[in-house]
Structure formats: C-alpha cells, structure tokens
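Working notes for the structure below.
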Amino acid sequence: MLLQRFLVRLLTMLVTLFGVAVVVFVVIRVAPGDPIAMMLPPGASDDDIARLRALYGLDKSIVQQFFIWLGGVLHGNFGTSISLRQDVLGLVFNRLPATLELATVALLMATAIGTTAAILGARSRGTAIEAGIDVASGATLSIPDFLWGLVLILLFGVLVPVFDISGRVSPQLDLPFATQFYLAESILRLRFDLTWDLLKHMLMPAVALALPLAAIIAQLLKQSLKEVLDLDYVVLARVKGFSETQVILREALKNAALPTLTLVGVQFTFLIGGTVIVERLFSYEGLGNMAIDAVINRDLPLIQGIVLVFALLFVLINLAVDMMYALLNPRLRHG
Amino acid sequence: MDEANVARRGLSPRLWLAGGWLLLALLAAIFAPLIAPQDPLAQDLMLERLPPFWLDGAEPGYWLGTDSLGRDLLSRLIFGGRIAFIVAFAAATSACLLGSALGLIAGYFGGWPDRIISRIVDVWMAFPPVLFAILLVAVLGTGLSSVILAIAIIDWTRFCRVIRAEAMSQARMDYVESARIAGYGRVGIMLREVLPNVLPSVVALLSLEMGIAVIVEAILSFVNLSISTDDPTWGSIIAEGRLSIHQAWWVLVFPLITLILTVLSFTQFGEALKARFDPVLR
C-alpha cells in the first residue's frame with residue numbers, strides 16, 4: 001500500500017520534472033539573441049560560428065536539440081556560466097548550502113513561533129488573547145516576505161541597529177570551513193563565535209521568510225487544536241486533573257499536528273521560493289541572489305541550472321511530505 | 001451562526017477602509033499630473049535628500065521630502081501608482097481569465113482534459129514564482145507588457161486550482177443533472193449554470209491576485225527588471241531608498257507604507273468579498 005503510493009508518487013514526480021525540463025528549454029530557447037553569438041568574441045568568422053553551432057547541436061531539429069540538452073542535464077552537464085566562466089553545476093552546489101541553511105533556520109523559526117501562538121490561542125480560546133492572535137496572524141499573513149524584509153531592515157538595521165542587514169558572515173573573519181554549510185560546520189567544530197556571527201547575519205532574512213509561514217501555522221494548528229480539545233479522550237485527561245497546557249502538550253498536539261504538517265510541507269517550498277528576493281534584499285550570498293545576478297547578466301546557462309535545481313528541490317520536498325503524511329496517518333498506514 | 005455574525009460584523013469597516021485606500025490611491029494615480037506637486041522626474045541637486053515636512057530643513061512643496069537626486073518623493077509615489085494599478089488590473093485579469101477557463105474545463109469535464117491541465121499545474125508549481133517571473137522578464141525583455149505577461153503566465157495556476165475544485169463539486173450537484181435532463185449541452189451547462197456559481201470565488205481571488213501583482217511588479221522593479229524607462233515605480237523608489245537608507249530613511253519608509261497599505265487593502269477586500277458571497281458564512 002505504502003510502497004505502491006510511493007511508486008505512483010515517484011512516477012508523477014518524474015513526469016513533473018520532465019515537464020519542468022521542457023518549460024525551461026522552451027523559455028531559454030525563445031530568448032532573443034543567439035546563444036552562440038554570446039559565447040564568441042565579436043568579429044568571429046562565419047566558419048567559427050558554424051563549427052560551434054554544430055558542436056552544441058544547434059544545427060539539428062528543435063526536438064533533437066531538446067534531447068541532446070536533456071541528456072547533458074541528466075549527466076550533470078549544465079554547461080558553463082557565461083558571466084563567471086565556470087561550470088554551472090559547481091557554482092550552483094557552491095551556493096546551495098547557504099540557501100538551504102537560511103531556509104531551514106526560517107522553517108524552524110516559523111514552526112516555533114507558529115506553534116507557540118497556536119497553543120497560546122487554543123489555551124485561551126474565546127478570550128481577547130485569542131482574538132489578538134487572530135488579528136496578528138491575519139495581518140502577518142497578508143504581508144509578503146519581501147515587505148517584511150524591508151520592515152526589518154528599517155527597524156533593526158537603521159532604527160535600532162542590532163543585527164547585520166547585509167551579507168552572510170562578517171568579511172574580516174577567518175573561516176576554517178571545508179564545506180559551504182557554514183552554520184552546521186561552525187556548530188560541529190564548536191566555533192560558537194562564528195555560529196553567533198552567522199546567526200546575526202541570518203536572523204533578519206530568516207525572520208522575513210518565517211513570518212508569513214508562522215502565521216499560517218498559528219491559524220491552522222489553533223483550529224485543529226480547538227477541534228481536538230472537545231474530543232472525549234482530551235476531556236478525560238482534563239478530568240484526571242491535568243492543566244489545560246498539559247492537556248494540549250501531552251494529548252492534543254500529537255493528533256492536531258497532522259493537517260498542519262501537510263500544509264507546512266507545501267508552504268516550505270513557497271518559503272524556499274521567497275529566498276530569491278530576500279537574499280537579494282539582505283545581500284546574502286545564496287543561490288537566489290546568484291540567480292538574480294545571472295538574469296541581469298543574461299547568463300542563460302546559469303539561470304537554467306539554478307531553476308532546475310530549485311524545481312528538483314521543490315518536487316523532492318513534496319514527495320517527502322507526502323510520504324511522511326502517509327507514514328504518520330494511521331488510516332493510510334493500515335488501509 | 002457564530003462565524004456568520006463575525007463575518008458580517010467584520011465586513012463593513014474592513015471593506016470601507018480597504019476600499020477607501022484603494023480608491024484614493026487609484027484616483028491619485030489617474031489624476032497624477034493634476035495632483036502631483038512637482039515633476040516626478042525633475043532633478044535638482046540643490047534639493048537633494050530634503051526631509052519630510054515635519055522635520056527641520058524641509059522645503060515647502062516637498063511634503064514627503066526628496067531622494068538623493070532631489071526628486072520629489074510624493075510626486076514619484078503618485079506617478080508610481082499608475083504602473084502599480086495598470087499591472088494590478090491587467091495582469092490579474094489576464095491570469096484570472098486563463099486560469100478560470102482552464103480550471104472550469106478541468107473541474108467540470110474531468111477525464112483527460114483534467115489530467116492534462118492538472119499535470120501542467122504540477123509542473124508550474126515546481127518553479128519558484130519570483131525566479132520564474134525574473135526569468136520570463138529577462139527572456140521577454142523589460143517593459144510594461146512583459147511584466148504583465150510574466151505575471152499572467154505564472155499566476156494563472158492560483159485561479160485554476162481553486163476554480164477546478166469548485167467546478168468539480170458543482171458538477172456533482174443536482175441542478176447540473178436537472179439541466180442535463182432538460183436537454184442543455186455540456187458547454188452550455190458549464191457556462192450558464194456552473195460558471196455563475198463559481199464566480200464569487202473568482203472575484204475574491206481576483207482581488208487577492210491584484211495585491212500579488214503589485215508586489216511582483218515592485219520586486220521586478222526593485223531588481224531593475226520592470227519597465228525600462230525612467231518612469232518612477234514603487235519598487236524602483238524602494239531600491240533607491242534601500243541604497244540611501246542611512247542618509248534618507250524616508251525614501252524607503254513612504255513607498256513601503258504605500259505598498260503595505262495597498263497589498264493589505266487588496267487582501268482585505270478579497271477576504272471581505274469572499275465572506276460576503278460564501279453561502280456558508282452568509
């Protein structure tokens with residue numbers, strides 16, 4: 001049952017990824033401007049152009065070109081960046097960890113803030129506290145991460161300059177890291193001075209990304225908690241003398257969390273999508289920031305590589321969430 | 001019952017405030033040449049970084065101060081509203097028409113049209129929207145029509161998903177069956193019976209989408225990929241303000257407030273419409 005579901009999902013995922021590849025190929029190929037002309041210095045002879053054209057398979061039909069390109073992509077050959085003159089896959093993997101760390105910290109924050117607000121709201125249901133949480137989460141949700149980022153820059157970068165609003169790490173620091181996962185590595189190497197510096201840079205963009213998701217978690221989890229709190233087994237726990245907070249933490253939360261979990265998975269992909277502009281806003285050296293530079297430089301191979309990696313990430317997250325849901329949901333587990 | 005009362009009580013002031021701001025901003029944008037106190041493009045280095053009117057050093061006639069080139073901020077915001085509203089209306093309407101049509105077909109007919117459309121939606125959902133928008137504008141070339149087209153190409157899925165689900169549940173209802181027995185064709189039933197019933201959702205989504213379109217345009221002009229002329233946009237003013245944030249905070253604060261109010265208003269307007277049309281809440 002579970003395996004069958006997994007295989008069906010996997011197949012759908014491959015179909016989706018194939019679709020993504022088609023769309024990216026079409027979009028890149030309708031781009032005005034000859035891709036060959038961009039690679040050659042001005043004044044190249046017609047012979048040179050023709051030779052390069054044949055080398056890249058551009059003299060073949062568009063369908064053949066697609067499969068040549070797809071074959072390259074599947075072998076990890078994403079081409080060479082025009083503006084940076086380096087292998088695209090290498091560039092992408094060099095920047096991806098920064099974005100993953102930012103998105104993960106933002107997700108943890110959103111979960112912490114959202115869950116706290118939901119428990120607080122469910123505990124004091126029907127009071128002014130719940131109404132306050134409703135209004136706050138409604139407003140938080142309506143304002144996108146881009147605007148939150150700007151608000152945070154004004155508040156904590158200018159008005160009360162306590163956090164860094166630019167970059168990933170202080171440039172004067174000497175970094176002993178072997179990988180690009182700076183935050184994880186600083187913790188593993190027990191270099192908490194560096195962890196602190198990284199977090200100080202990461203905090204504002206992470207909060208900007210986390211706030212809309214935190215609001216969604218608060219709303220949905222509070223709703224499910226309130227529904228669960230009226231069920232018999234929870235009433236029983238209350239009769240046994242547990243306090244309302246204990247009842248929520250020990251009994252209700254486990255059962256109320258499932259619908260929220262699915263939603264958080266989908267929303268996590270939106271959060272990752274948000275890193276593109278938020279990284280730009282805070283000059284954070286991640287994949288999204290590089291993507292915007294690539295677009296401005298009309299570096300099509302690099303854009304293509306970044307878009308494909310983002311799409312793969314999105315599809316994998318959706319698959320993981322779906323599987324997690326199936327594992328945790330007793331109806332699907334035993335069905 | 002409880003929720004219906006909440007919805008009705010919350011409706012009026014919310015709708016009035018949101019509608020009031022949008023109307024004000026829209027009228028200001030339409031009559032920009034008459035209202036704007038200064039030429040939004042006029043640079044004057046003698047007047048650079050003037051503060052807003054309540055601070056020392058402000059100049060009369062420059063209510064919200066000036067930017068680093070001495071251009072009047074209020075006039076730039078008023079003229080920037082023109083681009084924002086054109087994009088909001090044109091992009092949201094295009095996305096709405098495309099997405100609702102496909103959603104209606106997928107939801108009402110089911111079968112292979114539904115499978116194809118749903119697969120395309122899946123593919124679209126695998127793209128980060130902002131990156132997709134930036135990529136499309138880069139490919140299509142900067143300019144107002146590219147921005148509108150890019151937003152429509154990306155955001156039609158929002159309409160498609162919701163309308164598909166609604167049309168699906170409507171298609172199972174008795175009145176659709178009665179219409180079929182009465183001899184109406186499938187397309188006729190879809191347009192005459194199902195469409196009017198999903199229309200409230202369409203209108204509410206449309207208002208939400210206008211808010212999203214305003215943000216996307218601001219993001220595109222923030223990274224200098226929106227319209228290519230010198231015309232001010234809210235996003236380009238914000239980009240300018242981000243650079244001179246330590247010298248002239250007002251260049252960032254005022255467009256930010258304008259943008260937040262506009263987005264909140266579109267969202268609130270949409271939510272209020274949804275509450276008003278939703279038969280369960282009503």
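Labeling convention for the structure tokens: chains A, B, ... as they appear, residues from 1 per chain, ligands from 1 in order of appearance.
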Chain B residues near chain A within 9 Å, closest pair each, using only C-alpha atoms, as CSV:
residue,atom,partner,partner_atom,distance
B:Arg119,CA,A:Thr16,CA,7.1
B:Ile120,CA,A:Gly19,CA,7.6
B:Asp122,CA,A:Thr16,CA,6.4
B:Val123,CA,A:Thr16,CA,5.1
B:Trp124,CA,A:Val20,CA,7.6
B:Met125,CA,A:Phe314,CA,8.3
B:Ala126,CA,A:Ala311,CA,4.9
B:Phe127,CA,A:Ala311,CA,5.4
B:Pro128,CA,A:Gly273,CA,4.4
B:Pro129,CA,A:Gly273,CA,6.5
B:Val130,CA,A:Gly273,CA,6.8
B:Leu131,CA,A:Val276,CA,6.6
B:Phe132,CA,A:Val307,CA,7.9
B:Ile134,CA,A:Val295,CA,7.1
B:Leu135,CA,A:Val295,CA,6.5
B:Leu136,CA,A:Val27,CA,7.4
B:Ala138,CA,A:Val295,CA,6.1
B:Val139,CA,A:Ala31,CA,4.7
B:Leu140,CA,A:Ala31,CA,6.9
B:Gly141,CA,A:Pro32,CA,8.5
B:Ile212,CA,A:Pro144,CA,8.7
B:Ile215,CA,A:Pro144,CA,8.1
B:Ile219,CA,A:Ile277,CA,7.4
B:Val223,CA,A:Ile292,CA,7.7
B:Asn224,CA,A:Ile296,CA,8.5
B:Leu225,CA,A:Ile296,CA,7.9
B:Ile238,CA,A:Leu150,CA,8.8
B:Arg242,CA,A:Leu150,CA,8.2
B:Ile245,CA,A:Val158,CA,7.5
B:His246,CA,A:Val158,CA,6.7
B:Trp249,CA,A:Leu154,CA,7.9
B:Leu252,CA,A:Leu150,CA,8.2
B:Val253,CA,A:Leu154,CA,7.8
B:Leu256,CA,A:Leu147,CA,7.2
B:Leu259,CA,A:Leu147,CA,8.1
B:Ile260,CA,A:Ile143,CA,6.8
B:Val263,CA,A:Ile143,CA,7.1
B:Leu264,CA,A:Ser142,CA,6.0
B:Thr267,CA,A:Ser142,CA,6.6
B:Gln268,CA,A:Ser142,CA,8.5
Please produce a file of those selected residues containing C-alpha atoms, as a PDB file, in the first residue's frame.
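The result, written out as again35.pdb:
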ATOM      1  CA  ARG B 119      -0.199  17.919 -14.790  1.00  0.00           C
ATOM      2  CA  ILE B 120       0.640  21.348 -16.212  1.00  0.00           C
ATOM      3  CA  ASP B 122       2.009  20.462 -11.117  1.00  0.00           C
ATOM      4  CA  VAL B 123       4.850  21.477 -13.399  1.00  0.00           C
ATOM      5  CA  TRP B 124       4.142  25.173 -12.795  1.00  0.00           C
ATOM      6  CA  MET B 125       4.108  24.649  -9.024  1.00  0.00           C
ATOM      7  CA  ALA B 126       7.652  23.279  -9.234  1.00  0.00           C
ATOM      8  CA  PHE B 127       9.001  26.715 -10.181  1.00  0.00           C
ATOM      9  CA  PRO B 128       9.813  29.334  -7.552  1.00  0.00           C
ATOM     10  CA  PRO B 129       7.416  32.126  -8.643  1.00  0.00           C
ATOM     11  CA  VAL B 130       9.742  35.091  -8.172  1.00  0.00           C
ATOM     12  CA  LEU B 131      12.583  33.370 -10.004  1.00  0.00           C
ATOM     13  CA  PHE B 132      10.176  32.339 -12.778  1.00  0.00           C
ATOM     14  CA  ILE B 134      12.524  37.293 -13.257  1.00  0.00           C
ATOM     15  CA  LEU B 135      13.470  34.661 -15.823  1.00  0.00           C
ATOM     16  CA  LEU B 136      10.452  35.421 -18.013  1.00  0.00           C
ATOM     17  CA  ALA B 138      14.702  38.574 -18.785  1.00  0.00           C
ATOM     18  CA  VAL B 139      13.641  36.476 -21.779  1.00  0.00           C
ATOM     19  CA  LEU B 140      10.730  38.651 -22.900  1.00  0.00           C
ATOM     20  CA  GLY B 141      12.677  41.866 -22.411  1.00  0.00           C
ATOM     21  CA  ILE B 212       0.169  39.869  -5.524  1.00  0.00           C
ATOM     22  CA  ILE B 215       4.173  43.057  -5.121  1.00  0.00           C
ATOM     23  CA  ILE B 219      10.045  43.125  -6.793  1.00  0.00           C
ATOM     24  CA  VAL B 223      15.890  44.365  -9.144  1.00  0.00           C
ATOM     25  CA  ASN B 224      15.674  46.793 -12.063  1.00  0.00           C
ATOM     26  CA  LEU B 225      13.858  44.404 -14.405  1.00  0.00           C
ATOM     27  CA  ILE B 238      12.272  51.282  -2.740  1.00  0.00           C
ATOM     28  CA  ARG B 242      17.455  50.776   0.254  1.00  0.00           C
ATOM     29  CA  ILE B 245      18.804  54.116   3.917  1.00  0.00           C
ATOM     30  CA  HIS B 246      21.322  55.623   6.336  1.00  0.00           C
ATOM     31  CA  TRP B 249      15.196  56.815   5.592  1.00  0.00           C
ATOM     32  CA  LEU B 252      12.296  53.769   1.890  1.00  0.00           C
ATOM     33  CA  VAL B 253       9.636  54.329   4.554  1.00  0.00           C
ATOM     34  CA  LEU B 256       6.970  50.793   1.922  1.00  0.00           C
ATOM     35  CA  LEU B 259       2.896  49.217  -0.712  1.00  0.00           C
ATOM     36  CA  ILE B 260       1.830  47.591   2.578  1.00  0.00           C
ATOM     37  CA  VAL B 263      -1.475  44.958  -0.505  1.00  0.00           C
ATOM     38  CA  LEU B 264      -3.390  44.758   2.775  1.00  0.00           C
ATOM     39  CA  THR B 267      -6.258  41.188   0.524  1.00  0.00           C
ATOM     40  CA  GLN B 268      -8.892  42.534   2.919  1.00  0.00           C
TER      41      GLN B 268
END
Non-local contacts of Ile117 (chain B) (8 Å; only C-alpha atoms; under 2 positions in same chain excluded) as an MDAnalysis selection string: chainID B and resid 102:103 106 113:115 119:121
Kindly export the residues of the current selection with C-alpha atoms, as a JSON list (two decimals), in the first residue's frame.
[["chain", "number", "residue", "atom", "x", "y", "z"],
["B", 102, "LEU", "CA", -8.77, 26.07, -17.64],
["B", 103, "GLY", "CA", -9.98, 25.38, -14.09],
["B", 106, "ALA", "CA", -10.72, 20.64, -15.84],
["B", 113, "PRO", "CA", -8.68, 17.41, -20.04],
["B", 114, "ASP", "CA", -8.45, 17.41, -16.25],
["B", 115, "ARG", "CA", -5.42, 15.11, -16.26],
["B", 119, "ARG", "CA", -0.20, 17.92, -14.79],
["B", 120, "ILE", "CA", 0.64, 21.35, -16.21],
["B", 121, "VAL", "CA", -0.33, 22.93, -12.89]]
How many Å lie between CA of Thr262 (chain B) and CA of Ala118 (chain A), rounded to one decimal?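 CA of Ala118 (chain A) lies at a distance of 28.0 Å from CA of Thr262 (chain B).
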Excluding Asp56 (chain B) and any residue of its chain fewer than 5 positions from it, enumerate the residues within 12 Å of it, using only C-alpha atoms, and give them as a ChimeraX atom specification. /B:50-51,65
Would you please work out which residue, of B:Ala239, B:Asp231, B:Tyr108, B:Ala84, is nearest to Ala42 (chain B) when using only C-alpha atoms?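 Ranking B:Ala239, B:Asp231, B:Tyr108, B:Ala84 by distance to Ala42 (chain B), first place goes to B:Asp231.
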Lys222 (chain A) surroundings by only C-alpha atoms, 10 Å radius, close-in-sequence under 3 positions cut, as a list of chain:residue names: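 Counting only C-alpha atoms, the residues come to A:Gly114, A:Thr115, A:Thr116, A:Ala117, A:Ala118, A:Ile119, A:Leu120, A:Gly121, A:Ala122, A:Arg123, A:Arg125, A:Glu130, A:Ile133, A:Asp134, A:Ile216, A:Ile217, A:Ala218, A:Gln219, A:Leu225, A:Lys226, A:Glu227, A:Val228, A:Leu253, A:Ala256, A:Ala257, A:Thr260.
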So which residues touch region 23-28 of chain B within 10 Å, counting only C-alpha atoms, skipping near sequence neighbours fewer than 5 positions away, as a VMD selection string? chain B and resid 17 to 18 33 to 36 75 77 to 79 81 to 82 84 to 86 258 261 to 262
Writer output for current selection, C-alpha atoms, as a compact mmCIF listing (two decimals), in the first residue's frame:
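So the final result, stored in result07.txt, reads:
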# COMPACT_ATOMS: atom_id res chain seq x y z
CA LEU B 17 -11.12 51.11 4.94
CA ALA B 18 -9.66 48.87 2.26
CA PRO B 33 -0.44 65.15 -13.48
CA LEU B 34 -3.05 67.34 -11.77
CA ILE B 35 -2.31 66.28 -8.19
CA ALA B 36 1.44 65.75 -8.02
CA SER B 75 5.10 63.07 -6.76
CA LEU B 77 4.81 57.83 -5.35
CA ILE B 78 1.72 59.27 -7.04
CA PHE B 79 3.09 58.61 -10.52
CA GLY B 81 0.83 54.26 -8.56
CA ARG B 82 -0.01 54.40 -12.28
CA ALA B 84 1.18 49.60 -9.99
CA PHE B 85 -2.52 49.83 -10.87
CA ILE B 86 -2.08 49.12 -14.57
CA THR B 258 2.17 52.75 0.44
CA LEU B 261 -1.43 49.56 2.66
CA THR B 262 -2.20 48.66 -0.94
Please, what distance in Å, to one decimal, runs between CA of Val8 (chain A) and CA of Gly110 (chain B)?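 Atom-to-atom, CA of Val8 (chain A) to CA of Gly110 (chain B), that is 20.0 Å.
Backbone DSSP over region 24-62 of chain B gives helix (DSSP H, G or I) for Leu24, Ala25, Leu26, Leu27, Ala28, Ala29, Ile30, Ala32, Pro33, Leu34, Ile35, Leu45, Met46 and Leu47 of chain B.
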If we count only C-alpha atoms, what is near Pro60 (chain B) at a cut-off of 12 Å, once residues fewer than 6 positions away on the same chain are taken out, given as a ChimeraX atom specification? /B:37-38,47,50-54,66,72
With C-alpha atoms kept, could you save the residues just selected as a PDB file, in the first residue's frame?
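part.pdb, freshly written:
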ATOM      1  CA  PRO B  37       3.017  68.872  -6.515  1.00  0.00           C
ATOM      2  CA  GLN B  38       6.219  68.528  -8.560  1.00  0.00           C
ATOM      3  CA  LEU B  47      17.270  69.992  -3.115  1.00  0.00           C
ATOM      4  CA  LEU B  50      15.244  67.014   1.838  1.00  0.00           C
ATOM      5  CA  PRO B  51      13.435  65.531   4.848  1.00  0.00           C
ATOM      6  CA  PRO B  52       9.627  65.282   5.101  1.00  0.00           C
ATOM      7  CA  PHE B  53       7.634  68.360   6.099  1.00  0.00           C
ATOM      8  CA  TRP B  54       7.655  67.963   9.891  1.00  0.00           C
ATOM      9  CA  THR B  66      13.244  64.278  -1.813  1.00  0.00           C
ATOM     10  CA  ASP B  72      10.062  64.958  -5.028  1.00  0.00           C
TER      11      ASP B  72
END
Could you list, with a cut-off of 9 Å and counting only C-alpha atoms, the residues of region 178-259 of chain B near region 94-101 of chain B, each shown with its nearest atom pair and the distance in Å rounded to one decimal, rows sorted by chain and ascending number, as a Markdown table?
| residue | atom | partner | partner_atom | distance |
| --- | --- | --- | --- | --- |
| B:Val202 | CA | B:Ser100 | CA | 7.3 |
| B:Val203 | CA | B:Cys96 | CA | 9.0 |
| B:Leu205 | CA | B:Cys96 | CA | 8.2 |
| B:Leu206 | CA | B:Cys96 | CA | 6.5 |
| B:Glu209 | CA | B:Cys96 | CA | 8.4 |
If you keep N, CA and C atoms, can you produce a file of those selected residues as a tab-separated table (two decimals), in the first residue's frame?
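out-v5.tsv, written as the output of this step:
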chain	number	residue	atom	x	y	z
B	202	VAL	N	-14.07	33.51	-7.96
B	202	VAL	CA	-13.21	34.15	-8.95
B	202	VAL	C	-12.97	35.60	-8.57
B	203	VAL	N	-14.05	36.30	-8.19
B	203	VAL	CA	-13.93	37.73	-7.87
B	203	VAL	C	-13.04	37.93	-6.65
B	205	LEU	N	-10.68	35.92	-5.53
B	205	LEU	CA	-9.30	35.61	-5.91
B	205	LEU	C	-8.68	36.74	-6.73
B	206	LEU	N	-9.52	37.35	-7.56
B	206	LEU	CA	-9.04	38.42	-8.43
B	206	LEU	C	-8.48	39.56	-7.59
B	209	GLU	N	-5.23	38.54	-6.13
B	209	GLU	CA	-4.20	38.48	-7.17
B	209	GLU	C	-3.69	39.88	-7.52
Provide the CA of Val147 (chain B) to CA of Asn289 (chain A) distance in Å, to one decimal place.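 Between CA of Val147 (chain B) and CA of Asn289 (chain A) the gap is 20.1 Å.
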